[in-house]
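The structure appears right after this line, and notes come after that.
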Amino acid sequence: MSQIMSLSLRFILPLFFVLGLIAYVTIPLVDKLTYQWFARDIDIRAALVANTLSDSLAAAQGLSNRKQRLAKIESIFASTTQDERLFAVAYCNSQAQILAQSQQFPKEVTCTRDPKQSGSKILQLPGGPLHISYQPLPDLESQLVLVHDLSFVQTRSTDTKRYLFVFFVILTLVVSFLTVVIAKLSLMGWIRGLKSILKVDRLSKSSVKSLAPELLPVAKDLRRFVREIEAEKGFQDESQISWTAQTLREVLKQDMAGEEVLIVSNREPYIHVYQDNKIEIQSPASGLVTALEPIMRACSGTWIAHGSGTGDRMVVDAHSKVPVPPKKPSYSLKRVWLSPEQEKGYYYGFANEGLWPLCHIAHTRPIFRSDDWYQYLAVNEKFADAVAEEAKSKDPVILVQDYHFAMLPTMIKKRLPEATVITFWHIPWPNAETFGICPWRERILEGLLGSDILGFHTRAHCNNFIEAVDRFLESRIERDSSIIFHGEQRTAIRNYPISIEWPLKNLDEQDPVPLCRQKVLEENHIAPECFLGVGVDRLDYTKGILERFYAIERLLELEPSLRGRLVFIQIGAPTRSSLAEYRNFEEHCRVEAERINQRFGQGDYKPLVLRLKHHDPSDVIRYFRAADFCFVSSLHDGMNLVAKEFVASRDDEMGVLILSQFTGAARELPEALVINPYNIDQGAAAVKLAIEMDPQDQRARMRSMRAFIQEYNVFRWAGRMLIDAARLRKRGRFANPVLNT
């Protein structure tokens, strides 16, 4: 009932306004017309009075005695003005002089100059309005001036205004009453019908028959319209969404209509390792896996990756698939098998001796071999076949990951032309001049431009890619919208800063921070009073591991009081050990750590502790929670998720993050101590500041960073890409006949 009254008021209030406006315009108009009508009537009466008096005045004019003549005329005027409306009369000669007048004739009224002309006017006096009528008497060569009292017109006008006002009020009340009655009788039925229509896909045959007949033709169109409005709302309000795994599922269900999602990457999220006559499961130390694994748990799709574990073949089915995660499977892992020659040429050769150093610009010369290139092409083709085999529809959504698959987007498009391919390049993209070193630069660009969306961490990387395309390919670039048209393919270039799951997986299973610290100190034989720093990386020359060693060394040089009181633990997962560059780098790290330990160590104290082996994610989080500071000193990095994992692990809001300015994360986490890792003194100063920082300052910085990562988590990263993909798929349904003619 309240809804009906609300709807009625929404109608009644505008009605009051409209009717009030009509009354405001109408009443003065009626008043004016009333005066005009009475003035016309009085003019007619004045002419009749003049005709009636003309004979009497002629007879009086014939008298020879002037006094008798005037007395006769005044007697005629006295009897004439007994009419309640005729107020006064005057008799004028041809010289516009008053010869005779009634007793009440106003002194403000005079004769006209031309007695032969008739006319009238209204004169406003303090006592009220008067109507002055001039009537010529041609036979007597004179003029009558008749004055009528118009106060009765004013009285009637006031009565008219009152009656009109009452009329409009009554009209409004009647219409309002009818509106409420009609709403009560019929609107509720319409609302019930509309509610049934708006319950998309829930109208049974019986409920459809119960609708008002006039609603049946619009039910189908209205439901479709609501779906489109909800989808557009999702597109527009992405920034207002609180992103979680459940939110991502809803995006897939609503905006993507439950579309099939496939992820392709070189590294697999779970590795089965066979050792000691049993199979162990490992999660690789990879930012890519850290970011994507929660996405797949939310999407329940298929992850296609290289099966590299020694026990991988032992656990898959006939289609080389295995359900994961092991404890609670939520998606499928499809493994692609590579020969030793393919792995050597594609992965170790072209990808990691060529593209990796080329893109990171970390003072390591890239090596390009034609044999490696051919293996790279062959493996990309192999993965394209696996994607086509796994696709259950003709238009799946395929997320291609990283520099291992630069050729894959175009290859997928050849097999699945209607697929939506989203490629994300996890490492930096160099400037056009640097990229031009690659012998197959045009082929790589063409391969990536098979994507519908090509994503990078930062806007700078997007701009570098666009400049490379502009320099080396024939294409049309719309720089305002960052869209590249190459051949028949349209590719949107977007920046999607990657992030991590929030909250961290299994964080609630961790010990409290004091207990984590106690266990880490005991495991590494570190005194309780020591300041503890931690670094977590793959043993890669781009991570700046040696630079942070040198920063610790420099601080101990400058601050002898910290010797014996500062310990830095470096967790490093060996990687790409078959490459000489990586083997040499690992050895170099060991040698430099030993040198520094010999220089500043004493007894059981070592300033640098190396733990160069694989650590499970739960162990890494424990070290993060135990540390006073985390040192991230990458020489060049796309994002660096270690920095975000450290922040997310510190639910006590303590600890300090030291972060290289050459990471994408430095743009998102300015509350960290941002440094140039090549400036060793600056790195040493940052460590000193970190261990001396006031707890209140630590808490303020950490709280701000945690709030940012909570909002901009990995589900938002994936959701933005999927929403953009949904928008592209929707727009792709509309052809432009003008451009196609």
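Quick note on naming: the chains in the structure tokens go A, B, ... in the order shown, residues restart at 1 in each chain, and ligands are numbered from 1 in order of appearance.
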* Skip Glu141 of chain A itself and residues of its chain fewer than 5 positions away, then list as a PyMOL selection string all residues within 9 Å of it, counting only C-alpha atoms. => chain A and resi 93-94+115-116+136
Could you pull the residues within 6 Å of segment 373-388 of chain A, counting only C-alpha atoms, minus those fewer than 3 positions along the same chain, as an mmCIF file with N, CA, C and O atoms, in the first residue's frame?
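Below you can see around.cif, which holds the result:
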data_model
loop_
_atom_site.group_PDB
_atom_site.id
_atom_site.type_symbol
_atom_site.label_atom_id
_atom_site.label_comp_id
_atom_site.auth_asym_id
_atom_site.auth_seq_id
_atom_site.Cartn_x
_atom_site.Cartn_y
_atom_site.Cartn_z
ATOM 1 N N GLN A 342 63.328 -30.401 -27.770
ATOM 2 C CA GLN A 342 62.368 -29.301 -27.783
ATOM 3 C C GLN A 342 62.522 -28.416 -26.550
ATOM 4 O O GLN A 342 62.519 -27.184 -26.643
ATOM 5 N N GLY A 345 65.764 -26.291 -26.904
ATOM 6 C CA GLY A 345 65.715 -25.206 -27.880
ATOM 7 C C GLY A 345 64.662 -24.167 -27.560
ATOM 8 O O GLY A 345 64.929 -22.960 -27.612
ATOM 9 N N TYR A 346 63.452 -24.634 -27.211
ATOM 10 C CA TYR A 346 62.331 -23.712 -26.971
ATOM 11 C C TYR A 346 62.463 -22.984 -25.637
ATOM 12 O O TYR A 346 62.346 -21.754 -25.576
ATOM 13 N N PHE A 350 65.714 -20.323 -26.927
ATOM 14 C CA PHE A 350 65.134 -19.074 -27.424
ATOM 15 C C PHE A 350 64.463 -18.254 -26.322
ATOM 16 O O PHE A 350 64.641 -17.031 -26.246
ATOM 17 N N SER A 370 69.106 -20.024 -34.775
ATOM 18 C CA SER A 370 68.005 -20.413 -35.660
ATOM 19 C C SER A 370 67.405 -21.751 -35.239
ATOM 20 O O SER A 370 66.183 -21.943 -35.319
ATOM 21 N N ALA A 391 39.461 -27.511 -26.262
ATOM 22 C CA ALA A 391 38.319 -26.602 -26.400
ATOM 23 C C ALA A 391 37.040 -27.392 -26.658
ATOM 24 O O ALA A 391 36.969 -28.190 -27.593
ATOM 25 N N LEU A 408 51.855 -18.196 -30.151
ATOM 26 C CA LEU A 408 50.656 -18.991 -29.911
ATOM 27 C C LEU A 408 49.350 -18.276 -30.253
ATOM 28 O O LEU A 408 48.439 -18.914 -30.806
ATOM 29 N N ILE A 412 46.518 -20.104 -32.496
ATOM 30 C CA ILE A 412 45.196 -20.469 -31.973
ATOM 31 C C ILE A 412 44.106 -19.919 -32.877
ATOM 32 O O ILE A 412 43.108 -20.597 -33.163
#
* Asked: Which value, in Å to one decimal, gives the distance between atom CA of Trp425 of chain A and atom CA of Gly572 of chain A?
  ->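 The value is 23.6 Å.
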* All strand (DSSP E) residues (DSSP, backbone) inside segment 227-393 of chain A, as number ranges by chain -> A: 261-264, 271-275, 278-282, 302-306, 321-324, 331-336
* To do: Do a neighbour search on segment 538-553 of chain A at 7 Å with only C-alpha atoms, toss out local chain neighbours closer than 3 positions, and write the hits as a list of chain:residue names.
  =>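 These residues fall inside the cut-off: A:Ala285, A:Ala362, A:Leu556, A:Glu557, A:Gly572, A:Ala573, A:Pro574, A:Thr575, A:Tyr582, A:Phe585, A:Glu586, A:Cys589, A:Ile596, A:Ser633, A:Ser634, A:Leu635, A:His636, A:Pro677, A:Tyr678, A:Ile680, A:Asp681, A:Gly683, A:Ala684.
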Go ahead and save the picked residues with N, CA and C atoms, as an mmCIF file, in the first residue's frame.
data_model
loop_
_atom_site.group_PDB
_atom_site.id
_atom_site.type_symbol
_atom_site.label_atom_id
_atom_site.label_comp_id
_atom_site.auth_asym_id
_atom_site.auth_seq_id
_atom_site.Cartn_x
_atom_site.Cartn_y
_atom_site.Cartn_z
ATOM 1 N N ALA A 285 58.249 -22.081 -7.385
ATOM 2 C CA ALA A 285 58.463 -20.683 -6.993
ATOM 3 C C ALA A 285 58.320 -19.813 -8.233
ATOM 4 N N ALA A 362 69.281 -6.574 -18.480
ATOM 5 C CA ALA A 362 70.036 -6.714 -17.233
ATOM 6 C C ALA A 362 71.510 -6.993 -17.504
ATOM 7 N N LEU A 556 77.381 -3.016 7.208
ATOM 8 C CA LEU A 556 78.248 -3.523 8.273
ATOM 9 C C LEU A 556 79.591 -2.794 8.293
ATOM 10 N N GLU A 557 80.017 -2.309 7.138
ATOM 11 C CA GLU A 557 81.230 -1.485 7.102
ATOM 12 C C GLU A 557 80.999 -0.159 7.823
ATOM 13 N N GLY A 572 66.507 -18.895 -2.067
ATOM 14 C CA GLY A 572 66.669 -18.884 -3.521
ATOM 15 C C GLY A 572 66.383 -20.237 -4.120
ATOM 16 N N ALA A 573 65.379 -20.320 -4.964
ATOM 17 C CA ALA A 573 65.045 -21.581 -5.628
ATOM 18 C C ALA A 573 65.884 -21.713 -6.890
ATOM 19 N N PRO A 574 66.690 -22.765 -7.000
ATOM 20 C CA PRO A 574 67.481 -22.954 -8.224
ATOM 21 C C PRO A 574 66.584 -23.019 -9.451
ATOM 22 N N THR A 575 67.027 -22.445 -10.548
ATOM 23 C CA THR A 575 66.228 -22.408 -11.766
ATOM 24 C C THR A 575 67.142 -22.452 -12.980
ATOM 25 N N TYR A 582 73.136 -19.312 -15.515
ATOM 26 C CA TYR A 582 72.470 -19.493 -14.229
ATOM 27 C C TYR A 582 73.340 -20.292 -13.262
ATOM 28 N N PHE A 585 75.837 -17.924 -12.035
ATOM 29 C CA PHE A 585 75.265 -16.947 -11.103
ATOM 30 C C PHE A 585 75.061 -17.559 -9.721
ATOM 31 N N GLU A 586 74.570 -18.790 -9.668
ATOM 32 C CA GLU A 586 74.387 -19.458 -8.376
ATOM 33 C C GLU A 586 75.720 -19.607 -7.656
ATOM 34 N N CYS A 589 76.836 -16.279 -6.256
ATOM 35 C CA CYS A 589 76.115 -15.932 -5.027
ATOM 36 C C CYS A 589 76.728 -16.645 -3.823
ATOM 37 N N ILE A 596 81.628 -12.476 2.391
ATOM 38 C CA ILE A 596 81.089 -11.508 3.356
ATOM 39 C C ILE A 596 80.996 -12.131 4.748
ATOM 40 N N SER A 633 65.255 -6.338 -4.603
ATOM 41 C CA SER A 633 66.186 -5.448 -5.308
ATOM 42 C C SER A 633 66.331 -5.809 -6.776
ATOM 43 N N SER A 634 65.223 -6.178 -7.426
ATOM 44 C CA SER A 634 65.272 -6.573 -8.838
ATOM 45 C C SER A 634 65.890 -5.469 -9.690
ATOM 46 N N LEU A 635 66.731 -5.892 -10.640
ATOM 47 C CA LEU A 635 67.353 -4.937 -11.549
ATOM 48 C C LEU A 635 66.396 -4.507 -12.652
ATOM 49 N N HIS A 636 65.431 -5.352 -12.958
ATOM 50 C CA HIS A 636 64.368 -5.021 -13.920
ATOM 51 C C HIS A 636 63.307 -6.094 -13.773
ATOM 52 N N PRO A 677 68.710 -0.174 -6.835
ATOM 53 C CA PRO A 677 69.550 -1.275 -6.353
ATOM 54 C C PRO A 677 71.013 -1.168 -6.797
ATOM 55 N N TYR A 678 71.276 -0.406 -7.852
ATOM 56 C CA TYR A 678 72.660 -0.223 -8.280
ATOM 57 C C TYR A 678 73.417 0.729 -7.339
ATOM 58 N N ILE A 680 74.616 1.104 -4.032
ATOM 59 C CA ILE A 680 74.840 0.244 -2.867
ATOM 60 C C ILE A 680 74.698 1.030 -1.567
ATOM 61 N N ASP A 681 75.194 2.250 -1.542
ATOM 62 C CA ASP A 681 75.061 3.056 -0.326
ATOM 63 C C ASP A 681 73.592 3.344 -0.018
ATOM 64 N N GLY A 683 71.085 1.403 -0.783
ATOM 65 C CA GLY A 683 70.535 0.153 -0.256
ATOM 66 C C GLY A 683 70.904 -0.048 1.203
ATOM 67 N N ALA A 684 72.168 0.260 1.569
ATOM 68 C CA ALA A 684 72.600 0.136 2.961
ATOM 69 C C ALA A 684 71.821 1.091 3.861
#
* To do: Name all residues at most 8 Å from segment 439-444 of chain A (count only C-alpha atoms; drop same-chain ones fewer than 3 positions away) and give them as a list in words.
  =>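 Residues near the query, excluding close chain neighbours: Phe368, Ala406, Met407, Phe435, Gly436, Gly447, Leu448, Phe472 and Leu473 of chain A.
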* Hey, what's within 10 Å of Ile691 of chain A if we count only C-alpha atoms and toss same-chain stuff fewer than 6 positions away? As a list in words, please? ->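 Non-adjacent residues within range: Phe531, Leu532, Gly533, Leu566, Asp628, Phe629, Gly655 and Val656 of chain A.
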Okay, now the selection with N, CA and C atoms, as an mmCIF file, in the first residue's frame?
data_model
loop_
_atom_site.group_PDB
_atom_site.id
_atom_site.type_symbol
_atom_site.label_atom_id
_atom_site.label_comp_id
_atom_site.auth_asym_id
_atom_site.auth_seq_id
_atom_site.Cartn_x
_atom_site.Cartn_y
_atom_site.Cartn_z
ATOM 1 N N PHE A 531 68.496 -8.394 14.378
ATOM 2 C CA PHE A 531 67.590 -7.892 13.355
ATOM 3 C C PHE A 531 67.603 -8.890 12.205
ATOM 4 N N LEU A 532 66.405 -9.192 11.670
ATOM 5 C CA LEU A 532 66.302 -10.237 10.652
ATOM 6 C C LEU A 532 65.705 -9.675 9.366
ATOM 7 N N GLY A 533 66.452 -9.854 8.254
ATOM 8 C CA GLY A 533 65.953 -9.512 6.930
ATOM 9 C C GLY A 533 65.799 -10.758 6.097
ATOM 10 N N LEU A 566 72.849 -8.209 12.957
ATOM 11 C CA LEU A 566 72.074 -8.136 11.718
ATOM 12 C C LEU A 566 72.302 -9.400 10.907
ATOM 13 N N ASP A 628 62.124 -8.716 10.070
ATOM 14 C CA ASP A 628 61.948 -7.288 10.342
ATOM 15 C C ASP A 628 61.811 -6.500 9.043
ATOM 16 N N PHE A 629 62.429 -6.993 7.984
ATOM 17 C CA PHE A 629 62.297 -6.334 6.690
ATOM 18 C C PHE A 629 62.470 -7.352 5.572
ATOM 19 N N GLY A 655 56.804 -4.736 10.071
ATOM 20 C CA GLY A 655 57.761 -5.086 9.037
ATOM 21 C C GLY A 655 57.902 -3.973 8.014
ATOM 22 N N VAL A 656 59.060 -3.948 7.339
ATOM 23 C CA VAL A 656 59.362 -2.897 6.366
ATOM 24 C C VAL A 656 59.729 -3.550 5.038
#
* Asked: Of the candidates A:Lys327, A:Asp395, A:Cys111, A:Arg335, which shows the shortest atom-to-atom distance to Ile271 of chain A, using only C-alpha atoms?
  ->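 Using only C-alpha atoms, Ile271 of chain A sits closest to A:Arg335.
Using only C-alpha atoms, the smallest distance between any of A:Gly487, A:Pro514, A:Pro396, A:Pro503 and Arg729 of chain A comes from A:Pro396.
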* Report the residues of segment 410-529 of chain A whose backbone DSSP state falls under helix (DSSP H, G or I), written as number ranges by chain. => A: 410-415, 432-435, 441-448, 459-472, 507-509, 513-523
* Could you tell me how far atom CA of Phe631 of chain A lies from atom CA of Arg459 of chain A, in Å and to one decimal? =>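 These atoms are spaced 25.2 Å apart.
Computed from the coordinates, the atom CA of Leu123 of chain A to atom CA of Gln97 of chain A distance equals 19.8 Å.
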* Asked: What's the 10 Å shell around His525 of chain A, counting only C-alpha atoms, without same-chain residues fewer than 6 positions away, as a PyMOL selection string?
  -> chain A and resi 519+604-606
What does the file look like for those residues with N, CA and C atoms, as a compact mmCIF listing (two decimals), in the first residue's frame?
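Okay, this is what ended up in result-v6.txt:
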# COMPACT_ATOMS: atom_id res chain seq x y z
N LYS A 519 60.65 -19.78 15.64
CA LYS A 519 61.01 -20.99 14.91
C LYS A 519 62.07 -20.72 13.85
N ASP A 604 79.43 -18.42 15.84
CA ASP A 604 78.26 -18.97 15.13
C ASP A 604 77.53 -17.91 14.31
N TYR A 605 77.95 -16.68 14.42
CA TYR A 605 77.26 -15.60 13.72
C TYR A 605 77.71 -15.49 12.27
N LYS A 606 76.69 -15.45 11.37
CA LYS A 606 76.93 -15.19 9.95
C LYS A 606 75.93 -14.14 9.50
* **Counting only C-alpha atoms, the option among A:Glu671, A:Asp372, A:Glu522, A:Asp616 closest to Pro284 of chain A** => A:Asp616
* Which of these residues is nearest to Asp637 of chain A, using only C-alpha atoms: A:Pro528, A:Pro357, A:Gly564, A:Gly128? ->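 Counting only C-alpha atoms, the residue closest to Asp637 of chain A is A:Pro357.
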* To do: Would you please work out which residue, of A:Asp724, A:Ala291, A:Phe662, A:Gly311, is nearest to Asn277 of chain A when using only C-alpha atoms?
  =>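 Distance minimum relative to Asn277 of chain A lands on A:Gly311.
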